[in-house]
file start_17.txt (compact mmCIF, C-alpha atoms)
# COMPACT_ATOMS: atom_id res chain seq x y z
CA ARG A 1 55.97 41.32 -28.23
CA GLY A 2 57.82 42.87 -31.18
CA SER A 3 58.18 46.55 -31.67
CA GLY A 4 55.73 46.33 -34.59
CA SER A 5 52.87 45.12 -32.42
CA CYS A 6 50.80 47.15 -30.05
CA TRP A 7 49.29 45.41 -26.98
CA THR A 8 46.36 47.08 -25.32
CA PRO A 9 45.53 45.24 -22.07
CA SER A 10 42.10 46.77 -21.70
CA THR A 11 41.13 45.64 -25.20
CA ASP A 12 42.23 42.02 -24.67
CA ILE A 13 40.52 41.79 -21.27
CA ALA A 14 37.30 43.20 -22.69
CA GLY A 15 37.39 40.67 -25.53
CA ALA A 16 37.95 37.80 -23.13
CA GLY A 17 35.04 38.98 -21.02
CA GLU A 18 32.73 39.11 -24.02
CA ARG A 19 33.75 35.56 -25.06
CA GLY A 20 33.06 34.33 -21.49
CA VAL A 21 29.63 35.91 -21.42
CA LEU A 22 28.78 34.43 -24.81
CA GLN A 23 29.94 30.95 -23.77
CA PHE A 24 27.92 31.11 -20.50
CA SER A 25 24.84 32.35 -22.37
CA ALA A 26 25.13 29.52 -24.87
CA MET A 27 25.42 26.94 -22.06
CA ALA A 28 22.44 28.41 -20.27
CA ALA A 29 20.35 28.36 -23.43
CA SER A 30 21.21 24.76 -24.36
CA SER A 31 20.97 23.16 -20.90
CA THR A 32 17.64 21.93 -19.48
CA PRO A 33 16.25 23.60 -16.34
CA MET A 34 17.51 22.07 -13.12
CA GLU A 35 15.15 21.14 -10.33
CA LEU A 36 16.18 22.42 -6.93
CA GLU A 37 14.97 20.77 -3.75
CA VAL A 38 15.08 22.62 -0.46
CA ASP A 39 14.40 20.58 2.67
CA LEU A 40 13.11 22.82 5.43
CA GLY A 41 12.47 19.90 7.76
CA PRO A 42 9.14 19.13 9.44
CA MET A 43 6.62 21.89 9.92
CA PRO A 44 6.89 23.41 13.38
CA GLY A 45 4.02 22.70 15.73
CA ASP A 46 1.45 25.40 16.35
CA ASP A 47 1.60 26.00 20.08
CA HIS A 48 -1.39 28.34 19.79
CA GLY A 49 -3.67 25.87 17.97
CA GLY A 50 -7.03 25.92 19.70
CA GLY A 51 -5.73 28.51 22.13
CA VAL A 52 -8.35 31.08 21.20
CA VAL A 53 -11.26 28.72 21.82
CA GLN A 54 -9.75 27.42 25.04
CA GLY A 55 -9.07 30.96 26.20
CA LEU A 56 -12.65 32.03 25.53
CA ARG A 57 -13.96 28.99 27.40
CA LEU A 58 -11.70 29.80 30.34
CA MET A 59 -12.89 33.41 30.42
CA LEU A 60 -16.50 32.22 30.30
CA ASP A 61 -15.94 29.89 33.24
CA ARG A 62 -14.36 32.75 35.18
CA SER A 63 -17.02 35.25 34.06
CA GLU A 64 -14.25 37.49 32.71
CA LEU A 65 -14.93 40.23 30.13
CA CYS A 66 -18.51 39.01 29.72
CA ASP A 67 -20.78 41.68 28.30
CA VAL A 68 -24.14 40.00 27.76
CA VAL A 69 -26.54 38.42 30.26
CA LEU A 70 -28.86 35.63 29.11
CA ILE A 71 -31.87 35.24 31.40
CA ALA A 72 -33.78 31.94 31.36
CA GLY A 73 -35.74 30.10 34.01
CA GLY A 74 -35.06 32.83 36.56
CA GLN A 75 -31.28 32.53 36.23
CA SER A 76 -28.74 34.92 34.71
CA ILE A 77 -26.02 33.36 32.57
CA LEU A 78 -23.07 35.43 31.33
CA ALA A 79 -21.50 35.26 27.89
CA HIS A 80 -19.54 37.34 25.36
CA ARG A 81 -21.65 39.12 22.77
CA ALA A 82 -18.88 39.00 20.14
CA VAL A 83 -18.67 35.21 20.42
CA LEU A 84 -22.43 34.75 20.14
CA ALA A 85 -22.68 37.17 17.22
CA ALA A 86 -19.79 35.48 15.43
CA VAL A 87 -21.41 32.04 15.42
CA SER A 88 -24.99 33.10 14.66
CA SER A 89 -26.36 35.80 12.38
CA SER A 90 -29.60 35.63 14.37
CA PHE A 91 -27.69 36.36 17.56
CA TYR A 92 -25.94 39.24 15.79
CA GLU A 93 -29.22 40.83 14.73
CA CYS A 94 -30.73 40.35 18.17
CA LEU A 95 -27.76 41.69 20.12
CA THR A 96 -27.22 44.74 17.92
CA GLN A 97 -30.79 45.86 18.68
CA LEU A 98 -30.46 45.62 22.46
CA ASN A 99 -29.59 48.48 24.80
CA PRO A 100 -27.80 48.18 28.16
CA SER A 101 -30.33 47.38 30.87
CA GLU A 102 -30.61 48.96 34.28
CA GLY A 103 -29.82 46.75 37.24
CA HIS A 104 -26.81 45.20 35.53
CA ASN A 105 -23.42 46.42 34.49
CA SER A 106 -23.99 49.53 32.39
CA GLU A 107 -21.88 48.00 29.62
CA SER A 108 -23.75 44.67 29.60
CA LEU A 109 -26.67 43.76 27.41
CA VAL A 110 -29.55 41.71 28.80
CA LEU A 111 -31.30 39.17 26.59
CA LYS A 112 -34.42 37.66 28.14
CA LEU A 113 -35.36 34.21 26.85
CA ASP A 114 -38.89 34.16 28.20
CA ASP A 115 -39.95 30.90 26.55
CA ILE A 116 -36.94 28.97 27.88
CA SER A 117 -37.73 27.53 31.30
CA HIS A 118 -34.62 25.35 31.72
CA PRO A 119 -31.34 27.24 32.32
CA GLU A 120 -29.45 24.05 31.43
CA ALA A 121 -30.63 24.54 27.85
CA VAL A 122 -28.76 27.85 27.68
CA ARG A 123 -25.68 26.23 29.18
CA ALA A 124 -25.91 23.43 26.62
CA MET A 125 -25.99 26.08 23.90
CA LEU A 126 -22.90 27.79 25.33
CA ASP A 127 -21.12 24.43 25.60
CA CYS A 128 -21.84 23.90 21.91
CA ILE A 129 -20.47 27.35 21.04
CA TYR A 130 -17.48 27.56 23.41
CA GLY A 131 -16.75 23.85 23.76
CA PRO A 132 -17.25 21.80 26.94
CA ARG A 133 -15.88 22.88 30.29
CA ALA A 134 -12.51 21.47 31.31
CA GLY A 135 -12.99 17.93 32.56
CA ALA A 136 -16.65 17.80 31.52
CA SER A 137 -18.04 15.22 29.12
CA ALA A 138 -18.48 16.38 25.55
CA GLU A 139 -21.54 14.13 25.12
CA TYR A 140 -24.87 15.89 24.89
CA ASN A 141 -27.12 14.56 27.65
CA PRO A 142 -30.05 16.74 28.81
CA SER A 143 -31.81 15.93 32.06
CA SER A 144 -35.31 15.66 30.59
CA GLU A 145 -37.48 15.73 27.49
CA GLU A 146 -38.58 19.28 28.36
CA ALA A 147 -34.99 20.50 28.65
CA ASN A 148 -34.21 19.00 25.26
CA ARG A 149 -37.19 20.84 23.79
CA ASP A 150 -35.78 24.11 25.12
CA VAL A 151 -32.46 23.26 23.48
CA LEU A 152 -34.25 22.71 20.18
CA ARG A 153 -36.00 26.07 20.56
CA LEU A 154 -32.68 27.83 21.05
CA ALA A 155 -31.03 25.93 18.21
CA GLN A 156 -33.75 26.84 15.73
CA ARG A 157 -34.19 30.42 16.92
CA PHE A 158 -30.49 31.21 16.65
CA GLN A 159 -29.79 28.80 13.78
CA ILE A 160 -27.09 26.79 15.52
CA LEU A 161 -27.02 23.66 13.37
CA GLN A 162 -24.66 21.63 15.53
CA LEU A 163 -26.84 22.19 18.58
CA GLN A 164 -29.96 21.14 16.69
CA ASP A 165 -28.18 18.04 15.43
CA ASP A 166 -27.15 17.08 18.97
CA ALA A 167 -30.68 17.53 20.33
CA SER A 168 -32.24 15.72 17.36
CA ARG A 169 -29.93 12.72 17.67
CA TRP A 170 -30.73 12.48 21.37
CA LEU A 171 -34.40 11.97 20.50
CA ALA A 172 -33.51 8.76 18.67
CA ARG A 173 -31.42 7.36 21.55
CA GLY A 174 -32.74 5.35 24.47
CA LEU A 175 -36.22 4.97 23.00
CA SER A 176 -38.82 3.17 25.10
CA THR A 177 -42.59 2.91 25.30
CA ALA A 178 -42.41 5.45 28.13
CA ASN A 179 -40.83 8.23 26.06
CA VAL A 180 -41.58 7.45 22.42
CA LEU A 181 -44.76 9.53 22.35
CA ASP A 182 -43.05 12.61 23.83
CA ARG A 183 -40.32 12.30 21.26
CA LEU A 184 -42.74 11.99 18.39
CA VAL A 185 -44.51 15.11 19.66
CA ALA A 186 -41.14 16.91 19.67
CA CYS A 187 -40.48 15.77 16.11
CA GLU A 188 -43.84 17.17 15.04
CA GLU A 189 -43.32 20.45 16.88
CA PHE A 190 -39.86 21.16 15.47
CA GLY A 191 -40.24 19.56 12.04
CA LEU A 192 -37.59 16.87 12.63
CA LEU A 193 -38.70 14.65 9.77
CA GLU A 194 -35.62 12.43 9.58
CA VAL A 195 -35.73 11.54 13.28
CA ARG A 196 -39.50 11.04 13.08
CA GLU A 197 -39.03 8.58 10.22
CA LYS A 198 -36.47 6.54 12.15
CA ILE A 199 -38.71 6.33 15.21
CA LEU A 200 -41.70 5.22 13.13
CA GLU A 201 -39.56 2.54 11.48
CA GLN A 202 -38.69 1.14 14.90
CA LEU A 203 -42.33 1.20 15.99
CA THR A 204 -43.50 -0.56 12.86
CA ALA A 205 -40.91 -3.30 13.43
CA ASN A 206 -42.00 -3.79 17.07
CA PRO A 207 -45.67 -4.82 17.36
CA GLU A 208 -45.60 -4.85 21.18
CA ALA A 209 -44.37 -1.25 21.38
CA LEU A 210 -46.88 -0.27 18.71
CA PHE A 211 -49.71 -1.80 20.74
CA VAL A 212 -48.65 0.14 23.87
CA LEU A 213 -48.56 3.38 21.89
CA ALA A 214 -51.97 2.73 20.35
CA LYS A 215 -53.54 2.35 23.82
CA ASP A 216 -52.04 5.61 25.12
CA PRO A 217 -54.78 8.28 25.17
CA GLU A 218 -52.13 10.96 24.66
CA VAL A 219 -51.45 9.64 21.16
CA THR A 220 -54.25 11.89 19.91
CA LYS A 221 -51.77 14.77 20.23
CA VAL A 222 -50.09 13.53 17.06
CA PRO A 223 -52.88 12.55 14.64
CA ALA A 224 -50.49 12.66 11.69
CA VAL A 225 -48.36 10.00 13.38
CA LEU A 226 -51.42 7.77 13.84
CA GLN A 227 -52.28 8.14 10.17
CA ASP A 228 -48.74 7.31 9.09
CA LEU A 229 -48.60 4.26 11.35
CA LEU A 230 -51.91 2.97 10.03
CA VAL A 231 -50.75 3.33 6.43
CA ARG A 232 -47.48 1.54 7.22
CA ILE A 233 -49.29 -1.35 8.91
CA LEU A 234 -51.69 -1.74 6.00
CA ARG A 235 -48.74 -1.83 3.63
CA LEU A 236 -47.13 -4.58 5.69
CA LEU A 237 -50.39 -6.53 5.46
CA GLY A 238 -50.34 -6.17 1.69
CA CYS A 239 -53.33 -3.86 1.58
CA GLU A 240 -51.64 -0.99 -0.25
CA ALA A 241 -53.32 -1.88 -3.55
CA GLY A 242 -56.73 -1.34 -1.99
CA LEU A 243 -55.89 1.97 -0.31
CA PRO A 244 -57.27 5.20 -1.76
CA ALA A 245 -54.60 7.21 -3.52
CA ALA A 246 -54.81 10.02 -0.96
CA ALA A 247 -54.33 7.66 2.00
CA ALA A 248 -51.52 5.71 0.35
CA GLY A 249 -49.63 8.90 -0.33
CA SER A 250 -50.29 10.59 3.00
CA SER A 251 -47.15 9.22 4.62
CA LYS A 252 -44.94 10.34 1.75
CA THR A 253 -46.63 13.73 1.66
CA HIS A 254 -46.05 14.25 5.37
CA GLN A 255 -42.41 13.17 5.06
CA GLY A 256 -41.92 15.71 2.31
CA ARG A 257 -43.24 18.56 4.43
CA PRO A 258 -40.55 21.22 4.86
CA ALA A 259 -39.15 21.64 8.35
CA ARG A 260 -40.20 24.70 10.29
CA LYS A 261 -37.94 27.66 10.11
CA ALA A 262 -36.22 28.92 13.21
CA GLY A 263 -38.59 30.83 15.41
CA ALA A 264 -41.63 29.86 13.32
call {"tool": "encode", "arguments": {"input": "start_17.txt", "output": "structure tokens"}}
result
Amino acid sequence: RGSGSCWTPSTDIAGAGERGVLQFSAMAASSTPMELEVDLGPMPGDDHGGGVVQGLRLMLDRSELCDVVLIAGGQSILAHRAVLAAVSSSFYECLTQLNPSEGHNSESLVLKLDDISHPEAVRAMLDCIYGPRAGASAEYNPSSEEANRDVLRLAQRFQILQLQDDASRWLARGLSTANVLDRLVACEEFGLLEVREKILEQLTANPEALFVLAKDPEVTKVPAVLQDLLVRILRLLGCEAGLPAAAAGSSKTHQGRPARKAGA
């Protein structure tokens, strides 16, 4: 540069920096946003999925860390109070009011189920809560009508909907003239209106089975069923127009009856 000019490096560098910042800002303002894609690959598998439930089932089978004893039918069945309380608010209220009982582990609670005469009903309830034992069938299959009734009692008392659904569906399976009356009685006792309706539909469509039921002296245990069947038969015969209004509506009125509450 000539002697008449004065070059200040810091000034020129600063000016260049300002021009660069302005140019970058202008580009950023005028350009459209860019979409960025980041491929993280497939989601890793959860090695612990279901591990908690399986672990609880394993501890139950080994009677490990159990702190509540369920007594039914003269047998003592162990369980975990936290698990029972977690799945049922009724269990929670019941267990929080109990005190440790003498004759058992001082830290264990004892819950007596005096109206349950089949221990298998309690085991069926625990299978529903914990899941089936390793290698055991997941299908609900009680040994008798009475055992299934005990399951329904437990399901309604402790408000375990899945258990009630299993026991209710069983009532509609394997129907025969030998068991249909017992199952209708169970439907009446526990307010299982949907199952009751399906059974009555099958009876109405099968005159031979209906005749066998009508001759059974035990059918007087379910007078409402007899009334409903009579109304259905008269309707099939085209007699509905001649029925009194109260009789014609009796079946619908009974079907609309609310189910019993748990423990009612």
call {"tool": "closest_residue", "arguments": {"input": "start_17.txt", "among": "A:Ala167, A:Val231, A:Leu95, A:Val222", "to": "Ala155 in chain A", "atoms": "all atoms listed in the file"}}
result
A:Ala167
call {"tool": "residues_around", "arguments": {"input": "start_17.txt", "residues": "Arg153 in chain A", "least_positions_apart": "3", "cutoff": "12 Å", "atoms": "only C-alpha atoms", "output": "number ranges by chain"}}
result
A: 113-118, 121-122, 125, 146-150, 156-161, 163-164, 167-168, 186, 189-191, 260-264
call {"tool": "closest_residue", "arguments": {"input": "start_17.txt", "among": "A:Ala224, A:Val180, A:Val83, A:Val38", "to": "Leu65 in chain A", "atoms": "all atoms listed in the file"}}
result
A:Val83
call {"tool": "axis_aligned_box", "arguments": {"input": "start_17.txt", "around": "range 33-40 of chain A", "padding_each_side": "4 Å", "output": "JSON"}}
result
{"center_x": 15.3, "center_y": 22.1, "center_z": -5.5, "size_x": 12.4, "size_y": 11.0, "size_z": 29.8}
call {"tool": "closest_residue", "arguments": {"input": "start_17.txt", "among": "A:Asp61, A:Asp182, A:Glu107, A:Glu201", "to": "Arg81 in chain A", "atoms": "only C-alpha atoms"}}
result
A:Glu107
call {"tool": "closest_residue", "arguments": {"input": "start_17.txt", "among": "A:Val68, A:Cys128, A:Leu192, A:Ala85", "to": "Pro100 in chain A", "atoms": "only C-alpha atoms"}}
result
A:Val68
call {"tool": "decode", "arguments": {"input": "start_17.txt", "residues": "range 190-224 of chain A", "atoms": "N, CA and C atoms", "output": "PDB file, in the first residue's frame"}}
result
ATOM      1  N   PHE A 190     -77.020 -65.284  40.122  1.00  0.00           N
ATOM      2  CA  PHE A 190     -75.953 -64.287  39.970  1.00  0.00           C
ATOM      3  C   PHE A 190     -76.307 -63.184  38.971  1.00  0.00           C
ATOM      4  N   GLY A 191     -77.556 -63.167  38.514  1.00  0.00           N
ATOM      5  CA  GLY A 191     -77.979 -62.088  37.626  1.00  0.00           C
ATOM      6  C   GLY A 191     -77.281 -62.076  36.284  1.00  0.00           C
ATOM      7  N   LEU A 192     -77.008 -63.252  35.718  1.00  0.00           N
ATOM      8  CA  LEU A 192     -76.295 -63.352  34.436  1.00  0.00           C
ATOM      9  C   LEU A 192     -77.322 -63.339  33.302  1.00  0.00           C
ATOM     10  N   LEU A 193     -77.842 -62.177  33.009  1.00  0.00           N
ATOM     11  CA  LEU A 193     -78.968 -62.057  32.089  1.00  0.00           C
ATOM     12  C   LEU A 193     -78.602 -62.425  30.659  1.00  0.00           C
ATOM     13  N   GLU A 194     -77.410 -62.069  30.224  1.00  0.00           N
ATOM     14  CA  GLU A 194     -77.022 -62.354  28.842  1.00  0.00           C
ATOM     15  C   GLU A 194     -76.899 -63.860  28.610  1.00  0.00           C
ATOM     16  N   VAL A 195     -76.271 -64.554  29.543  1.00  0.00           N
ATOM     17  CA  VAL A 195     -76.135 -66.009  29.417  1.00  0.00           C
ATOM     18  C   VAL A 195     -77.508 -66.666  29.508  1.00  0.00           C
ATOM     19  N   ARG A 196     -78.329 -66.194  30.422  1.00  0.00           N
ATOM     20  CA  ARG A 196     -79.688 -66.722  30.575  1.00  0.00           C
ATOM     21  C   ARG A 196     -80.457 -66.621  29.268  1.00  0.00           C
ATOM     22  N   GLU A 197     -80.340 -65.484  28.608  1.00  0.00           N
ATOM     23  CA  GLU A 197     -81.046 -65.268  27.344  1.00  0.00           C
ATOM     24  C   GLU A 197     -80.586 -66.254  26.274  1.00  0.00           C
ATOM     25  N   LYS A 198     -79.289 -66.490  26.194  1.00  0.00           N
ATOM     26  CA  LYS A 198     -78.770 -67.421  25.189  1.00  0.00           C
ATOM     27  C   LYS A 198     -79.253 -68.845  25.452  1.00  0.00           C
ATOM     28  N   ILE A 199     -79.296 -69.239  26.718  1.00  0.00           N
ATOM     29  CA  ILE A 199     -79.762 -70.588  27.050  1.00  0.00           C
ATOM     30  C   ILE A 199     -81.244 -70.737  26.704  1.00  0.00           C
ATOM     31  N   LEU A 200     -82.044 -69.738  27.012  1.00  0.00           N
ATOM     32  CA  LEU A 200     -83.472 -69.802  26.704  1.00  0.00           C
ATOM     33  C   LEU A 200     -83.709 -69.845  25.200  1.00  0.00           C
ATOM     34  N   GLU A 201     -82.882 -69.147  24.441  1.00  0.00           N
ATOM     35  CA  GLU A 201     -83.007 -69.201  22.983  1.00  0.00           C
ATOM     36  C   GLU A 201     -82.775 -70.618  22.472  1.00  0.00           C
ATOM     37  N   GLN A 202     -81.768 -71.293  23.025  1.00  0.00           N
ATOM     38  CA  GLN A 202     -81.504 -72.668  22.612  1.00  0.00           C
ATOM     39  C   GLN A 202     -82.647 -73.595  23.010  1.00  0.00           C
ATOM     40  N   LEU A 203     -83.200 -73.402  24.179  1.00  0.00           N
ATOM     41  CA  LEU A 203     -84.318 -74.237  24.622  1.00  0.00           C
ATOM     42  C   LEU A 203     -85.543 -74.042  23.734  1.00  0.00           C
ATOM     43  N   THR A 204     -85.826 -72.801  23.413  1.00  0.00           N
ATOM     44  CA  THR A 204     -86.994 -72.511  22.586  1.00  0.00           C
ATOM     45  C   THR A 204     -86.857 -73.132  21.203  1.00  0.00           C
ATOM     46  N   ALA A 205     -85.632 -73.220  20.712  1.00  0.00           N
ATOM     47  CA  ALA A 205     -85.393 -73.790  19.382  1.00  0.00           C
ATOM     48  C   ALA A 205     -85.309 -75.311  19.399  1.00  0.00           C
ATOM     49  N   ASN A 206     -85.379 -75.928  20.580  1.00  0.00           N
ATOM     50  CA  ASN A 206     -85.251 -77.382  20.699  1.00  0.00           C
ATOM     51  C   ASN A 206     -86.435 -77.928  21.499  1.00  0.00           C
ATOM     52  N   PRO A 207     -87.523 -78.298  20.828  1.00  0.00           N
ATOM     53  CA  PRO A 207     -88.721 -78.762  21.543  1.00  0.00           C
ATOM     54  C   PRO A 207     -88.472 -79.980  22.427  1.00  0.00           C
ATOM     55  N   GLU A 208     -87.600 -80.900  22.002  1.00  0.00           N
ATOM     56  CA  GLU A 208     -87.344 -82.094  22.802  1.00  0.00           C
ATOM     57  C   GLU A 208     -86.698 -81.726  24.143  1.00  0.00           C
ATOM     58  N   ALA A 209     -85.693 -80.852  24.091  1.00  0.00           N
ATOM     59  CA  ALA A 209     -85.049 -80.418  25.330  1.00  0.00           C
ATOM     60  C   ALA A 209     -86.028 -79.636  26.202  1.00  0.00           C
ATOM     61  N   LEU A 210     -86.873 -78.857  25.570  1.00  0.00           N
ATOM     62  CA  LEU A 210     -87.868 -78.082  26.311  1.00  0.00           C
ATOM     63  C   LEU A 210     -88.856 -79.002  27.029  1.00  0.00           C
ATOM     64  N   PHE A 211     -89.228 -80.097  26.375  1.00  0.00           N
ATOM     65  CA  PHE A 211     -90.156 -81.056  26.977  1.00  0.00           C
ATOM     66  C   PHE A 211     -89.523 -81.733  28.192  1.00  0.00           C
ATOM     67  N   VAL A 212     -88.229 -82.097  28.074  1.00  0.00           N
ATOM     68  CA  VAL A 212     -87.523 -82.717  29.201  1.00  0.00           C
ATOM     69  C   VAL A 212     -87.458 -81.754  30.380  1.00  0.00           C
ATOM     70  N   LEU A 213     -87.170 -80.499  30.100  1.00  0.00           N
ATOM     71  CA  LEU A 213     -87.092 -79.501  31.172  1.00  0.00           C
ATOM     72  C   LEU A 213     -88.448 -79.308  31.840  1.00  0.00           C
ATOM     73  N   ALA A 214     -89.502 -79.290  31.045  1.00  0.00           N
ATOM     74  CA  ALA A 214     -90.838 -79.058  31.593  1.00  0.00           C
ATOM     75  C   ALA A 214     -91.266 -80.184  32.533  1.00  0.00           C
ATOM     76  N   LYS A 215     -90.781 -81.398  32.307  1.00  0.00           N
ATOM     77  CA  LYS A 215     -91.153 -82.539  33.153  1.00  0.00           C
ATOM     78  C   LYS A 215     -90.308 -82.639  34.415  1.00  0.00           C
ATOM     79  N   ASP A 216     -89.221 -81.866  34.493  1.00  0.00           N
ATOM     80  CA  ASP A 216     -88.339 -81.933  35.657  1.00  0.00           C
ATOM     81  C   ASP A 216     -88.993 -81.215  36.837  1.00  0.00           C
ATOM     82  N   PRO A 217     -89.243 -81.912  37.944  1.00  0.00           N
ATOM     83  CA  PRO A 217     -89.891 -81.245  39.093  1.00  0.00           C
ATOM     84  C   PRO A 217     -89.050 -80.116  39.683  1.00  0.00           C
ATOM     85  N   GLU A 218     -87.737 -80.149  39.444  1.00  0.00           N
ATOM     86  CA  GLU A 218     -86.867 -79.110  39.991  1.00  0.00           C
ATOM     87  C   GLU A 218     -87.025 -77.770  39.278  1.00  0.00           C
ATOM     88  N   VAL A 219     -87.754 -77.774  38.158  1.00  0.00           N
ATOM     89  CA  VAL A 219     -87.898 -76.540  37.392  1.00  0.00           C
ATOM     90  C   VAL A 219     -88.659 -75.484  38.184  1.00  0.00           C
ATOM     91  N   THR A 220     -89.367 -75.898  39.223  1.00  0.00           N
ATOM     92  CA  THR A 220     -90.086 -74.923  40.051  1.00  0.00           C
ATOM     93  C   THR A 220     -89.140 -73.996  40.812  1.00  0.00           C
ATOM     94  N   LYS A 221     -87.843 -74.330  40.823  1.00  0.00           N
ATOM     95  CA  LYS A 221     -86.865 -73.454  41.480  1.00  0.00           C
ATOM     96  C   LYS A 221     -86.691 -72.141  40.725  1.00  0.00           C
ATOM     97  N   VAL A 222     -87.055 -72.154  39.448  1.00  0.00           N
ATOM     98  CA  VAL A 222     -86.867 -70.950  38.623  1.00  0.00           C
ATOM     99  C   VAL A 222     -88.205 -70.584  37.972  1.00  0.00           C
ATOM    100  N   PRO A 223     -89.169 -70.109  38.758  1.00  0.00           N
ATOM    101  CA  PRO A 223     -90.479 -69.773  38.185  1.00  0.00           C
ATOM    102  C   PRO A 223     -90.410 -68.694  37.111  1.00  0.00           C
ATOM    103  N   ALA A 224     -89.474 -67.774  37.247  1.00  0.00           N
ATOM    104  CA  ALA A 224     -89.353 -66.726  36.232  1.00  0.00           C
ATOM    105  C   ALA A 224     -88.955 -67.314  34.888  1.00  0.00           C
TER     106      ALA A 224
END
